file final_13.txt (compact mmCIF, C-alpha atoms)
# COMPACT_ATOMS: atom_id res chain seq x y z
CA MET A 225 5.97 -2.95 -17.67
CA SER A 226 5.68 -6.70 -17.35
CA SER A 227 2.33 -8.14 -18.35
CA THR A 228 0.76 -9.64 -15.26
CA THR A 229 -2.22 -10.95 -17.18
CA SER A 230 0.09 -13.38 -19.01
CA ILE A 231 1.12 -15.09 -15.76
CA GLU A 232 1.10 -18.87 -15.97
CA GLN A 233 -0.29 -20.05 -12.64
CA THR A 234 2.20 -22.90 -12.45
CA VAL A 235 5.10 -20.43 -12.60
CA LEU A 236 4.27 -19.02 -9.18
CA PRO A 237 5.13 -20.94 -6.01
CA VAL A 238 2.21 -22.85 -4.49
CA ASP A 239 2.88 -21.00 -1.21
CA LEU A 240 1.59 -17.86 -2.89
CA ARG A 241 -1.19 -19.22 -5.10
CA GLU A 242 -2.97 -21.09 -2.33
CA ARG A 243 -3.31 -18.06 -0.03
CA ASP A 244 -6.27 -15.68 -0.32
CA GLN A 245 -4.01 -12.67 0.14
CA TRP A 246 -4.20 -11.11 -3.29
CA VAL A 247 -5.09 -7.63 -4.47
CA CYS A 248 -4.88 -5.92 -7.82
CA TRP A 249 -3.13 -2.67 -8.62
CA ARG A 250 -3.40 0.04 -11.19
CA GLN A 251 -0.89 2.68 -12.18
CA GLU A 252 -1.81 6.31 -11.61
CA GLN A 253 -0.15 9.70 -11.57
CA ARG A 254 0.14 11.08 -8.02
CA ASN A 255 1.91 14.40 -7.57
CA GLY A 256 3.63 13.96 -10.92
CA LYS A 257 4.90 10.48 -10.02
CA GLU A 258 3.78 7.07 -11.29
CA THR A 259 2.28 5.19 -8.34
CA LYS A 260 0.82 1.69 -8.04
CA ILE A 261 -2.53 1.93 -6.26
CA PRO A 262 -3.81 -1.27 -4.60
CA VAL A 263 -7.40 -2.08 -5.59
CA THR A 264 -9.90 -4.69 -4.47
CA PRO A 265 -10.46 -7.47 -7.06
CA GLY A 266 -13.99 -7.31 -8.40
CA THR A 267 -14.88 -3.81 -7.22
CA GLY A 268 -11.92 -1.61 -8.10
CA ALA A 269 -12.19 0.17 -4.74
CA PHE A 270 -9.04 1.08 -2.81
CA ALA A 271 -7.57 -2.02 -1.16
CA SER A 272 -5.80 -2.02 2.20
CA SER A 273 -2.87 -4.27 3.07
CA THR A 274 -4.31 -4.51 6.60
CA ASP A 275 -7.93 -5.30 5.67
CA PRO A 276 -8.53 -8.91 4.55
CA GLU A 277 -12.00 -7.91 3.33
CA THR A 278 -10.28 -6.20 0.39
CA TRP A 279 -8.25 -9.28 -0.61
CA ALA A 280 -9.19 -12.25 -2.78
CA SER A 281 -7.86 -15.50 -4.21
CA PHE A 282 -5.15 -15.46 -6.85
CA GLU A 283 -7.59 -16.65 -9.52
CA THR A 284 -10.07 -13.88 -8.70
CA ALA A 285 -7.38 -11.20 -8.72
CA LEU A 286 -5.88 -12.46 -11.97
CA GLU A 287 -9.28 -12.51 -13.65
CA TYR A 288 -9.90 -8.88 -12.64
CA THR A 289 -6.73 -7.78 -14.44
CA GLU A 290 -8.57 -8.52 -17.69
CA THR A 291 -10.71 -5.44 -17.04
CA VAL A 292 -9.66 -1.84 -17.56
CA TYR A 293 -9.66 -1.25 -13.82
CA ALA A 294 -6.46 -3.13 -12.95
CA ASP A 295 -2.96 -3.40 -14.39
CA GLY A 296 -1.63 -6.30 -12.33
CA VAL A 297 -1.82 -8.40 -9.17
CA GLY A 298 -0.08 -8.18 -5.84
CA PHE A 299 0.49 -10.41 -2.81
CA VAL A 300 -0.16 -9.06 0.70
CA PHE A 301 2.25 -9.98 3.50
CA THR A 302 0.72 -10.71 6.91
CA ASP A 303 1.80 -11.83 10.38
CA ASP A 304 0.07 -15.15 9.72
CA ASP A 305 2.37 -16.25 6.91
CA PRO A 306 6.13 -16.98 7.07
CA ILE A 307 6.95 -15.13 3.87
CA VAL A 308 9.36 -12.18 3.69
CA GLY A 309 9.73 -10.01 0.61
CA VAL A 310 13.02 -8.41 -0.42
CA ASP A 311 12.59 -5.50 -2.83
CA LEU A 312 15.63 -4.53 -4.89
CA ASP A 313 15.05 -1.34 -6.88
CA ASP A 314 17.07 0.28 -9.67
CA CYS A 315 19.53 -2.60 -9.91
CA ARG A 316 18.79 -4.04 -13.36
CA ASP A 317 19.52 -2.53 -16.75
CA LEU A 318 16.23 -2.51 -18.65
CA GLN A 319 17.93 -2.98 -22.03
CA THR A 320 20.71 -5.47 -21.27
CA GLY A 321 19.38 -7.20 -18.15
CA ASP A 322 22.69 -6.60 -16.38
CA VAL A 323 22.46 -6.66 -12.56
CA ASP A 324 24.55 -4.57 -10.16
CA ASP A 325 26.89 -6.35 -7.74
CA THR A 326 24.86 -5.69 -4.58
CA ALA A 327 21.64 -7.09 -6.02
CA ARG A 328 23.45 -10.09 -7.48
CA ASP A 329 25.05 -10.87 -4.11
CA ILE A 330 21.69 -10.68 -2.31
CA ILE A 331 19.88 -12.80 -4.91
CA THR A 332 22.64 -15.44 -4.89
CA ARG A 333 22.80 -15.70 -1.10
CA LEU A 334 19.04 -15.86 -0.61
CA ASP A 335 18.72 -18.47 -3.38
CA SER A 336 14.91 -18.45 -3.44
CA TYR A 337 12.12 -17.57 -5.85
CA THR A 338 13.02 -14.30 -7.59
CA GLU A 339 11.20 -12.37 -10.31
CA VAL A 340 11.65 -9.17 -12.28
CA SER A 341 9.60 -6.22 -11.00
CA PRO A 342 6.90 -4.58 -13.20
CA SER A 343 9.24 -1.75 -14.19
CA GLY A 344 11.87 -4.23 -15.36
CA THR A 345 14.56 -2.35 -13.42
CA GLY A 346 14.44 -4.32 -10.17
CA TYR A 347 13.80 -7.68 -8.54
CA HIS A 348 11.50 -9.14 -5.89
CA VAL A 349 12.86 -12.03 -3.82
CA LEU A 350 10.55 -14.13 -1.64
CA VAL A 351 11.91 -16.24 1.23
CA ARG A 352 10.62 -18.05 4.30
CA GLY A 353 11.89 -16.62 7.55
CA GLU A 354 11.47 -13.98 10.19
CA LEU A 355 12.46 -10.39 9.50
CA PRO A 356 15.05 -9.23 12.08
CA GLN A 357 14.20 -6.30 14.35
CA GLY A 358 15.31 -2.81 13.40
CA ARG A 359 15.05 -0.75 10.26
CA ASN A 360 13.68 -2.45 7.18
CA ARG A 361 15.12 -0.38 4.38
CA ARG A 362 18.19 1.48 3.27
CA GLY A 363 18.55 3.16 -0.08
CA SER A 364 17.07 0.93 -2.79
CA ILE A 365 16.81 -2.18 -0.58
CA GLU A 366 13.58 -2.87 1.35
CA LEU A 367 12.43 -5.88 3.37
CA TYR A 368 8.81 -6.54 4.36
CA ASP A 369 6.91 -9.27 6.19
CA THR A 370 3.58 -7.66 7.09
CA ALA A 371 1.13 -4.89 6.14
CA ARG A 372 2.58 -4.44 2.66
CA PHE A 373 1.86 -5.82 -0.79
CA PHE A 374 4.31 -6.90 -3.47
CA THR A 375 3.47 -6.63 -7.14
CA VAL A 376 3.78 -10.06 -8.73
CA THR A 377 4.69 -10.51 -12.39
CA GLY A 378 5.60 -14.18 -12.77
CA ASP A 379 8.67 -13.05 -14.73
CA HIS A 380 10.80 -15.65 -12.95
CA LEU A 381 14.58 -15.29 -12.85
CA GLU A 382 15.55 -18.67 -14.29
CA GLU A 383 18.71 -19.19 -12.26
CA THR A 384 16.76 -19.05 -9.01
CA PRO A 385 14.52 -21.78 -7.50
CA ASP A 386 10.85 -21.91 -8.47
CA TRP A 387 9.85 -22.32 -4.82
CA ILE A 388 10.07 -20.13 -1.71
CA ALA A 389 13.01 -21.44 0.32
CA ARG A 390 13.64 -20.99 4.04
CA ARG A 391 16.69 -18.75 4.32
CA GLN A 392 16.68 -17.40 7.88
CA ASP A 393 20.48 -17.25 8.30
CA ALA A 394 21.00 -15.56 4.94
CA LEU A 395 18.15 -13.13 5.66
CA VAL A 396 19.68 -12.12 9.00
CA ALA A 397 23.11 -11.65 7.45
CA ILE A 398 21.82 -9.56 4.54
CA HIS A 399 19.70 -7.43 6.87
CA ARG A 400 22.74 -6.79 9.05
CA GLU A 401 25.14 -6.02 6.20
CA TYR A 402 22.95 -4.06 3.81
CA VAL A 403 20.16 -2.55 5.90
CA GLN A 404 20.87 -2.41 9.63
CA ASP A 405 24.58 -1.56 9.45
CA THR A 406 24.91 1.68 11.46
CA GLY A 407 28.37 2.29 10.08
CA THR A 408 26.84 3.53 6.85
CA ASP A 409 26.26 7.25 6.48
CA ALA A 410 22.78 8.00 7.82
CA ALA A 411 22.25 10.25 4.82
CA SER A 412 21.52 7.16 2.76
CA GLU A 413 18.11 7.05 4.41
CA SER A 414 17.32 10.30 2.63
CA ASP A 415 17.55 8.50 -0.70
CA TYR A 416 14.09 7.20 -0.01
CA HIS A 417 12.60 10.18 1.77
CA GLY A 418 14.06 12.73 -0.63
CA GLU A 419 11.05 12.46 -2.90
CA ALA A 420 8.77 13.90 -0.22
CA ASP A 421 9.95 17.47 -0.49
CA ASP A 422 13.14 19.52 -0.51
CA GLN A 423 12.90 20.45 3.16
CA SER A 424 12.66 16.80 4.15
CA ALA A 425 15.80 16.02 2.20
CA VAL A 426 17.69 18.86 3.88
CA ASN A 427 16.66 17.88 7.39
CA SER A 428 17.31 14.17 6.94
CA THR A 429 20.93 14.81 5.99
CA VAL A 430 21.89 17.10 8.86
CA ASP A 431 25.47 16.22 9.69
CA ILE A 432 24.98 15.92 13.47
CA ASP A 433 26.45 12.87 15.18
CA VAL A 434 24.49 12.20 18.37
CA ASP A 435 26.74 9.44 19.66
CA PHE A 436 24.84 8.45 22.79
CA GLU A 437 23.22 5.22 23.81
CA ASP A 438 19.43 5.35 23.76
CA GLU A 439 19.07 5.43 27.55
CA GLU A 440 21.56 8.27 27.87
CA LEU A 441 19.79 10.23 25.15
CA LEU A 442 16.42 9.71 26.79
CA GLU A 443 17.82 10.88 30.12
CA LYS A 444 19.05 14.07 28.50
CA ALA A 445 15.60 14.63 26.98
CA ARG A 446 13.95 14.15 30.40
CA SER A 447 16.41 16.53 32.05
CA ALA A 448 15.94 19.35 29.54
CA SER A 449 13.80 22.42 30.22
CA ASN A 450 10.88 20.76 28.46
CA GLY A 451 11.60 17.39 30.05
CA ASP A 452 8.19 17.17 31.72
CA LYS A 453 6.45 17.39 28.37
CA PHE A 454 8.77 14.78 26.90
CA ASP A 455 8.25 12.45 29.86
CA ARG A 456 4.45 12.72 29.68
CA LEU A 457 4.47 11.90 25.98
CA TRP A 458 7.00 9.12 26.49
CA ARG A 459 4.76 7.50 29.10
CA GLY A 460 1.82 7.63 26.67
CA SER A 461 -0.10 10.64 27.98
CA THR A 462 -2.02 12.64 25.39
CA THR A 463 -3.08 15.36 27.83
CA GLY A 464 -3.21 18.73 26.09
CA TYR A 465 -3.58 17.26 22.61
CA GLU A 466 -6.80 16.94 20.61
CA SER A 467 -5.90 13.44 19.43
CA GLN A 468 -3.27 10.78 19.88
CA SER A 469 -2.06 11.41 16.35
CA GLU A 470 -1.19 14.96 17.36
CA ALA A 471 0.61 13.62 20.44
CA ASP A 472 2.48 11.14 18.21
CA MET A 473 3.68 14.00 16.05
CA ALA A 474 4.78 16.05 19.09
CA LEU A 475 6.86 13.18 20.50
CA CYS A 476 8.41 12.48 17.08
CA CYS A 477 9.37 16.15 16.75
CA LEU A 478 11.12 15.98 20.13
CA LEU A 479 12.85 12.75 19.18
CA ALA A 480 13.87 14.26 15.83
CA PHE A 481 15.51 17.10 17.78
CA TRP A 482 17.40 14.81 20.16
CA THR A 483 18.51 12.28 17.53
CA GLY A 484 19.79 14.85 15.06
CA GLY A 485 17.08 13.96 12.56
CA ASP A 486 17.91 10.24 12.40
CA ALA A 487 14.70 8.70 11.04
CA ALA A 488 15.60 5.11 11.91
CA ARG A 489 16.46 6.08 15.48
CA VAL A 490 13.29 8.16 15.90
CA ASP A 491 11.27 5.14 14.82
CA ARG A 492 13.16 2.79 17.12
CA LEU A 493 12.76 5.05 20.13
CA PHE A 494 9.10 5.78 19.46
CA ARG A 495 8.43 2.04 19.47
CA GLN A 496 9.66 1.98 23.07
CA SER A 497 7.25 4.72 24.16
CA GLY A 498 3.81 4.44 25.70
CA LEU A 499 2.26 6.01 22.60
CA LEU A 500 3.02 3.03 20.37
CA ARG A 501 -0.13 1.36 18.98
CA GLU A 502 -0.97 -0.98 16.12
CA LYS A 503 -1.78 1.96 13.87
CA TRP A 504 1.94 2.80 13.75
CA ASP A 505 2.56 0.01 11.24
CA ASP A 506 -0.71 0.35 9.33
CA VAL A 507 -0.37 1.34 5.68
CA HIS A 508 -2.25 4.63 5.34
CA TYR A 509 -0.92 5.97 2.05
CA SER A 510 -1.26 4.98 -1.57
CA ASP A 511 2.52 4.78 -1.99
CA GLY A 512 2.58 1.99 0.62
CA SER A 513 3.95 4.12 3.44
CA THR A 514 2.80 3.35 6.96
CA TYR A 515 1.33 5.87 9.38
CA GLY A 516 4.52 5.67 11.44
CA GLU A 517 6.84 6.22 8.50
CA LYS A 518 4.99 9.33 7.39
CA THR A 519 4.78 10.68 10.93
CA VAL A 520 8.55 10.35 11.40
CA GLU A 521 9.25 11.78 7.95
CA ARG A 522 7.10 14.86 8.55
CA ALA A 523 8.40 15.35 12.08
CA ILE A 524 11.94 15.53 10.73
CA ALA A 525 10.87 17.81 7.89
CA ASN A 526 9.30 20.19 10.43
CA THR A 527 12.21 20.20 12.89
CA ASP A 528 14.90 22.69 11.97
CA ASP A 529 16.68 22.82 15.32
CA VAL A 530 18.51 19.65 16.33
CA TYR A 531 20.57 18.81 19.38
CA ASP A 532 24.27 19.33 18.80
CA PRO A 533 26.38 17.71 21.55
CA SER A 534 29.50 19.49 20.25
CA SER A 535 28.03 22.88 21.17
CA GLY A 536 29.01 22.40 24.80
CA GLU A 537 25.52 23.13 26.06
CA GLY A 538 24.34 20.99 28.95
CA THR A 539 21.02 19.34 29.67
CA ASP A 540 19.30 22.69 29.99
CA GLN A 541 18.84 22.53 26.25
CA ARG A 542 16.07 24.85 25.10
CA GLU A 543 13.00 23.45 23.45
CA PRO A 544 13.18 23.71 19.65
CA GLN A 545 10.99 26.57 18.53
CA GLY A 546 11.07 26.15 14.79
CA ARG A 547 10.91 28.99 12.30
CA THR A 548 8.32 31.52 11.16
CA THR A 549 7.50 31.73 7.48
CA SER A 550 6.79 34.93 5.55
CA SER A 551 3.08 34.30 6.05
CA GLY A 552 3.51 34.19 9.80
CA GLN A 553 3.06 30.42 10.11
CA THR A 554 5.21 28.59 12.66
CA VAL A 555 6.96 25.58 11.15
CA GLY A 556 9.33 23.21 12.91
CA GLY A 557 10.10 22.20 16.47
CA THR A 558 7.43 20.93 18.82
CA ASP A 559 5.43 24.12 18.20
CA GLY A 560 5.08 22.90 14.63
CA ALA A 561 3.80 19.48 15.68
CA ARG A 562 0.16 20.47 15.29
CA THR A 563 0.86 22.03 11.89
CA ALA A 564 2.63 18.87 10.76
CA TYR A 565 -0.16 16.70 12.15
CA LEU A 566 -2.81 18.71 10.33
CA ALA A 567 -0.76 18.59 7.14
CA GLU A 568 -0.56 14.81 7.46
CA LYS A 569 -4.28 14.54 8.12
CA ASN A 570 -5.06 16.79 5.15
CA GLN A 571 -2.81 14.71 2.90
CA LEU A 572 -4.47 11.49 4.04
CA LEU A 573 -7.95 12.92 3.47
CA SER A 574 -6.93 14.25 0.05
CA GLU A 575 -5.70 10.83 -1.00
CA ARG A 576 -8.87 9.23 0.33
CA VAL A 577 -10.98 11.71 -1.64
CA SER A 578 -8.98 10.89 -4.78
CA ASP A 579 -9.58 7.18 -4.21
CA LEU A 580 -13.30 7.72 -3.68
CA GLU A 581 -13.53 9.91 -6.78
CA ALA A 582 -11.79 7.23 -8.82
CA THR A 583 -14.13 4.58 -7.44
CA LEU A 584 -17.17 6.78 -8.17
CA LYS A 585 -15.95 7.32 -11.72
CA GLN A 586 -15.58 3.58 -12.22
CA LYS A 587 -19.04 2.89 -10.81
CA ASN A 588 -20.57 5.60 -13.04
CA GLU A 589 -18.89 4.05 -16.06
CA ARG A 590 -20.17 0.64 -15.05
CA LEU A 591 -23.66 2.09 -14.54
CA LYS A 592 -23.60 3.52 -18.06
CA GLU A 593 -22.57 0.12 -19.40
CA LEU A 594 -25.44 -1.57 -17.54
CA GLU A 595 -27.92 1.05 -18.77
CA ALA A 596 -26.75 0.47 -22.34
CA ASP A 597 -27.10 -3.30 -21.87
CA ASN A 598 -30.58 -2.75 -20.43
CA ARG A 599 -31.64 -0.67 -23.45
CA THR A 600 -30.35 -3.33 -25.81
CA LEU A 601 -32.22 -6.09 -23.97
CA ARG A 602 -35.44 -4.06 -23.96
CA GLU A 603 -35.15 -3.48 -27.70
CA GLN A 604 -34.61 -7.18 -28.23
CA LEU A 605 -37.59 -7.98 -25.99
CA ASP A 606 -39.81 -5.54 -27.89
CA ALA A 607 -38.73 -7.11 -31.16
CA CYS A 608 -39.56 -10.57 -29.83
CA GLU A 609 -42.99 -9.42 -28.63
CA ASP A 610 -43.71 -7.90 -32.05
CA GLN A 611 -42.68 -11.11 -33.68
CA LEU A 612 -44.89 -13.18 -31.35
CA GLU A 613 -47.83 -10.86 -31.95
CA GLY A 614 -47.40 -11.30 -35.68
CA LEU A 615 -47.31 -15.08 -35.27
CA ASP A 616 -50.46 -14.94 -33.14
CA GLN A 617 -52.31 -12.93 -35.79
CA GLN A 618 -51.20 -15.29 -38.48
CA ALA A 619 -52.37 -18.26 -36.39
CA ASP A 620 -55.75 -16.58 -35.86
CA LEU A 621 -56.22 -16.12 -39.56
CA GLU A 622 -55.25 -19.66 -40.33
CA THR A 623 -57.50 -21.09 -37.61
CA GLY A 624 -60.43 -18.85 -38.65
CA ALA A 625 -60.18 -20.01 -42.19
CA GLU A 626 -60.41 -23.63 -41.09
CA THR A 627 -63.14 -23.44 -38.37
CA GLY A 628 -65.10 -20.26 -39.00
CA GLY A 629 -65.08 -16.98 -37.14
CA GLU A 630 -66.92 -17.98 -33.93
CA ASP A 631 -65.09 -21.26 -33.56
CA ALA A 632 -61.83 -19.49 -34.31
CA SER A 633 -62.46 -17.04 -31.55
CA ILE A 634 -63.21 -19.82 -29.03
CA TRP A 635 -60.22 -21.80 -30.21
CA ASN A 636 -57.95 -18.78 -30.00
CA ARG A 637 -59.06 -17.98 -26.45
CA ALA A 638 -58.52 -21.60 -25.40
CA ARG A 639 -55.06 -21.67 -26.96
CA ARG A 640 -54.09 -18.47 -25.24
CA PHE A 641 -55.44 -19.75 -21.92
CA VAL A 642 -53.27 -22.86 -22.19
CA ARG A 643 -50.25 -20.78 -23.24
CA ASP A 644 -50.70 -18.32 -20.37
CA GLY A 645 -51.07 -21.18 -17.90
CA ASN A 646 -47.79 -22.69 -19.06
CA GLU A 647 -46.05 -19.40 -18.70

call {"tool": "encode", "arguments": {"input": "final_13.txt", "output": "structure tokens"}}
result
Amino acid sequence: MSSTTSIEQTVLPVDLRERDQWVCWRQEQRNGKETKIPVTPGTGAFASSTDPETWASFETALEYTETVYADGVGFVFTDDDPIVGVDLDDCRDLQTGDVDDTARDIITRLDSYTEVSPSGTGYHVLVRGELPQGRNRRGSIELYDTARFFTVTGDHLEETPDWIARRQDALVAIHREYVQDTGTDAASESDYHGEADDQSAVNSTVDIDVDFEDEELLEKARSASNGDKFDRLWRGSTTGYESQSEADMALCCLLAFWTGGDAARVDRLFRQSGLLREKWDDVHYSDGSTYGEKTVERAIANTDDVYDPSSGEGTDQREPQGRTTSSGQTVGGTDGARTAYLAEKNQLLSERVSDLEATLKQKNERLKELEADNRTLREQLDACEDQLEGLDQQADLETGAETGGEDASIWNRARRFVRDGNE
């Protein structure tokens, strides 16, 4: 891991250092996987890439990395800054520093500030520009411009500029060629989602080609036997659902069915529906995933039946019913939407509990440190008082010897009166 605490401030572009959009991060084990958890500088509490109250200046964040509660710093992207981050994973040989051809092409064409990632096996490129519409990741390439944080190491790639350059044309071209290109096998999207669970990987690689324009696909969904339900959800109605999150999951399950489990297309279509809200792009998970990304992922994982246009069946397509497990639980299809929603909610709450437990542990450790400091100070104070008392007694004896007992007593009281008044 690169040492963030050794960052020379002058190495980083001024565009980054001058913005109060910094968090810290620490590495933890989550579900057997090393994960970088964003933390608030100064408190160690869980930081949110959508809550400015949990951010700080670069100097404050860097200083906090000197404690045991943080391993590095990170920069948060927002809608208010023009900075786009390009994350290139698993493209650099840790031993030799060799870079694969795709990463080298992207780095060369963007020609902007680039640094080695904390793992040493990837790169982060920062450019000025606007991220094109559409999907923002494919395989090991991810692009972000808001509601995410990038770890920052200061391990600058020397052959790249030491400033953040405006590269809108190059950004658009790279997004089109490496991320948005629909000619690439959709299964590549599963490279990222495959870590979720085996079922998710299976469903995201279903070899079903739903070759319809969006409007045609939506018309088929409206004309199906469960078209009324689809239309209500599409228009933004949550009638019959306990929460909008449950309605979100139900619509995503239907879209997963009609798109053949195409995650990017489910996301694109959902964004056109009446259910879309700001929460969709909010980061809700410690791995940096947004609420929308996890909802789509779990909808696909819980949808076994998908629309197959080659089957010859018309628009009277039955509603996907899912499967029944050995325990009698229904999983998959729109009937599994509530199960998937509850699973998502449980996962979110579990992660929140873990964060709170970690914060509580840190605060307890800090409390113990303060109690120990308090004991030490009290012992020092007691020692000082004993020393002062000894000096007072010695002064009394010396004064008594010079002036006599009665005069000594009067003198001592007067001296103490003056001393107490000064205090």

call {"tool": "residues_near_point", "arguments": {"input": "final_13.txt", "point": "(11.4, 12.9, 21.4)", "cutoff": "10 Å", "atoms": "all atoms listed in the file", "output": "mmCIF file with C-alpha atoms, keeping the file's coordinate frame"}}
result
data_model
loop_
_atom_site.group_PDB
_atom_site.id
_atom_site.type_symbol
_atom_site.label_atom_id
_atom_site.label_comp_id
_atom_site.auth_asym_id
_atom_site.auth_seq_id
_atom_site.Cartn_x
_atom_site.Cartn_y
_atom_site.Cartn_z
ATOM 1 C CA LEU A 441 19.790 10.230 25.150
ATOM 2 C CA LEU A 442 16.420 9.710 26.790
ATOM 3 C CA ALA A 445 15.600 14.630 26.980
ATOM 4 C CA ARG A 446 13.950 14.150 30.400
ATOM 5 C CA GLY A 451 11.600 17.390 30.050
ATOM 6 C CA LYS A 453 6.450 17.390 28.370
ATOM 7 C CA PHE A 454 8.770 14.780 26.900
ATOM 8 C CA ASP A 455 8.250 12.450 29.860
ATOM 9 C CA LEU A 457 4.470 11.900 25.980
ATOM 10 C CA TRP A 458 7.000 9.120 26.490
ATOM 11 C CA ASP A 472 2.480 11.140 18.210
ATOM 12 C CA MET A 473 3.680 14.000 16.050
ATOM 13 C CA ALA A 474 4.780 16.050 19.090
ATOM 14 C CA LEU A 475 6.860 13.180 20.500
ATOM 15 C CA CYS A 476 8.410 12.480 17.080
ATOM 16 C CA CYS A 477 9.370 16.150 16.750
ATOM 17 C CA LEU A 478 11.120 15.980 20.130
ATOM 18 C CA LEU A 479 12.850 12.750 19.180
ATOM 19 C CA ALA A 480 13.870 14.260 15.830
ATOM 20 C CA PHE A 481 15.510 17.100 17.780
ATOM 21 C CA TRP A 482 17.400 14.810 20.160
ATOM 22 C CA THR A 483 18.510 12.280 17.530
ATOM 23 C CA VAL A 490 13.290 8.160 15.900
ATOM 24 C CA LEU A 493 12.760 5.050 20.130
ATOM 25 C CA PHE A 494 9.100 5.780 19.460
ATOM 26 C CA SER A 497 7.250 4.720 24.160
ATOM 27 C CA THR A 558 7.430 20.930 18.820
#

call {"tool": "residues_near_point", "arguments": {"input": "final_13.txt", "point": "(-7.8, -15.7, 5.9)", "cutoff": "9 Å", "atoms": "only C-alpha atoms", "output": "list of chain:residue names"}}
result
A:Arg243, A:Asp244, A:Gln245, A:Pro276, A:Asp304

call {"tool": "closest_residue", "arguments": {"input": "final_13.txt", "among": "A:Thr375, A:Ser364, A:Thr514, A:Pro385", "to": "Thr259 (chain A)", "atoms": "all atoms listed in the file"}}
result
A:Thr375

call {"tool": "closest_residue", "arguments": {"input": "final_13.txt", "among": "A:Ser461, A:Gln392, A:Arg599, A:Gly485", "to": "Ala523 (chain A)", "atoms": "all atoms listed in the file"}}
result
A:Gly485

call {"tool": "atom_distance", "arguments": {"input": "final_13.txt", "atom1": "CA of Ala488 (chain A)", "atom2": "CA of Thr302 (chain A)"}}
result
22.3 Å

call {"tool": "atom_distance", "arguments": {"input": "final_13.txt", "atom1": "CA of Pro306 (chain A)", "atom2": "CA of Glu354 (chain A)"}}
result
6.9 Å

call {"tool": "atom_distance", "arguments": {"input": "final_13.txt", "atom1": "CA of Leu312 (chain A)", "atom2": "CA of Thr289 (chain A)"}}
result
24.5 Å

call {"tool": "closest_residue", "arguments": {"input": "final_13.txt", "among": "A:Gly321, A:Gly363, A:Pro262, A:Pro237", "to": "Leu350 (chain A)", "atoms": "only C-alpha atoms"}}
result
A:Pro237

call {"tool": "closest_residue", "arguments": {"input": "final_13.txt", "among": "A:Thr463, A:Thr377, A:Gln233, A:Thr274", "to": "Asp295 (chain A)", "atoms": "all atoms listed in the file"}}
result
A:Thr377

call {"tool": "closest_residue", "arguments": {"input": "final_13.txt", "among": "A:Glu258, A:Glu517, A:Asp275, A:Asp324", "to": "Thr345 (chain A)", "atoms": "all atoms listed in the file"}}
result
A:Asp324

call {"tool": "residues_around", "arguments": {"input": "final_13.txt", "residues": "Gln586 (chain A)", "least_positions_apart": "3", "cutoff": "12 Å", "atoms": "only C-alpha atoms", "output": "number ranges by chain"}}
result
A: 263, 266-270, 291-294, 579-583, 589-593

call {"tool": "closest_residue", "arguments": {"input": "final_13.txt", "among": "A:Ala596, A:Leu236, A:Leu605, A:Leu584", "to": "Ile388 (chain A)", "atoms": "all atoms listed in the file"}}
result
A:Leu236

call {"tool": "decode", "arguments": {"input": "final_13.txt", "residues": "region 288-319 of chain A", "atoms": "C-alpha atoms", "output": "short mmCIF file (atom, residue, chain, number, x, y, z; two decimals), in the first residue's frame"}}
result
data_model
loop_
_atom_site.label_atom_id
_atom_site.label_comp_id
_atom_site.auth_asym_id
_atom_site.auth_seq_id
_atom_site.Cartn_x
_atom_site.Cartn_y
_atom_site.Cartn_z
CA TYR A 288 -5.69 12.67 10.92
CA THR A 289 -3.83 9.96 9.02
CA GLU A 290 -1.13 10.23 11.68
CA THR A 291 -3.53 8.55 14.11
CA VAL A 292 -4.37 4.86 14.25
CA TYR A 293 -7.87 5.56 13.00
CA ALA A 294 -7.05 6.29 9.36
CA ASP A 295 -4.83 4.77 6.69
CA GLY A 296 -5.07 7.46 4.02
CA VAL A 297 -6.96 10.39 2.52
CA GLY A 298 -9.53 10.62 -0.23
CA PHE A 299 -11.08 13.35 -2.40
CA VAL A 300 -14.87 13.55 -2.79
CA PHE A 301 -16.33 14.37 -6.21
CA THR A 302 -19.36 16.67 -6.28
CA ASP A 303 -21.63 18.37 -8.80
CA ASP A 304 -20.06 21.68 -7.82
CA ASP A 305 -16.58 20.88 -9.11
CA PRO A 306 -15.50 20.18 -12.72
CA ILE A 307 -13.30 17.22 -11.81
CA VAL A 308 -13.83 13.71 -13.19
CA GLY A 309 -11.98 10.68 -11.85
CA VAL A 310 -10.97 7.73 -14.03
CA ASP A 311 -10.23 4.58 -12.05
CA LEU A 312 -8.11 1.94 -13.78
CA ASP A 313 -7.89 -1.27 -11.74
CA ASP A 314 -5.66 -4.33 -12.13
CA CYS A 315 -3.61 -2.81 -14.94
CA ARG A 316 -0.17 -2.40 -13.35
CA ASP A 317 2.31 -5.08 -12.39
CA LEU A 318 3.16 -4.50 -8.73
CA GLN A 319 6.71 -5.82 -9.12
#
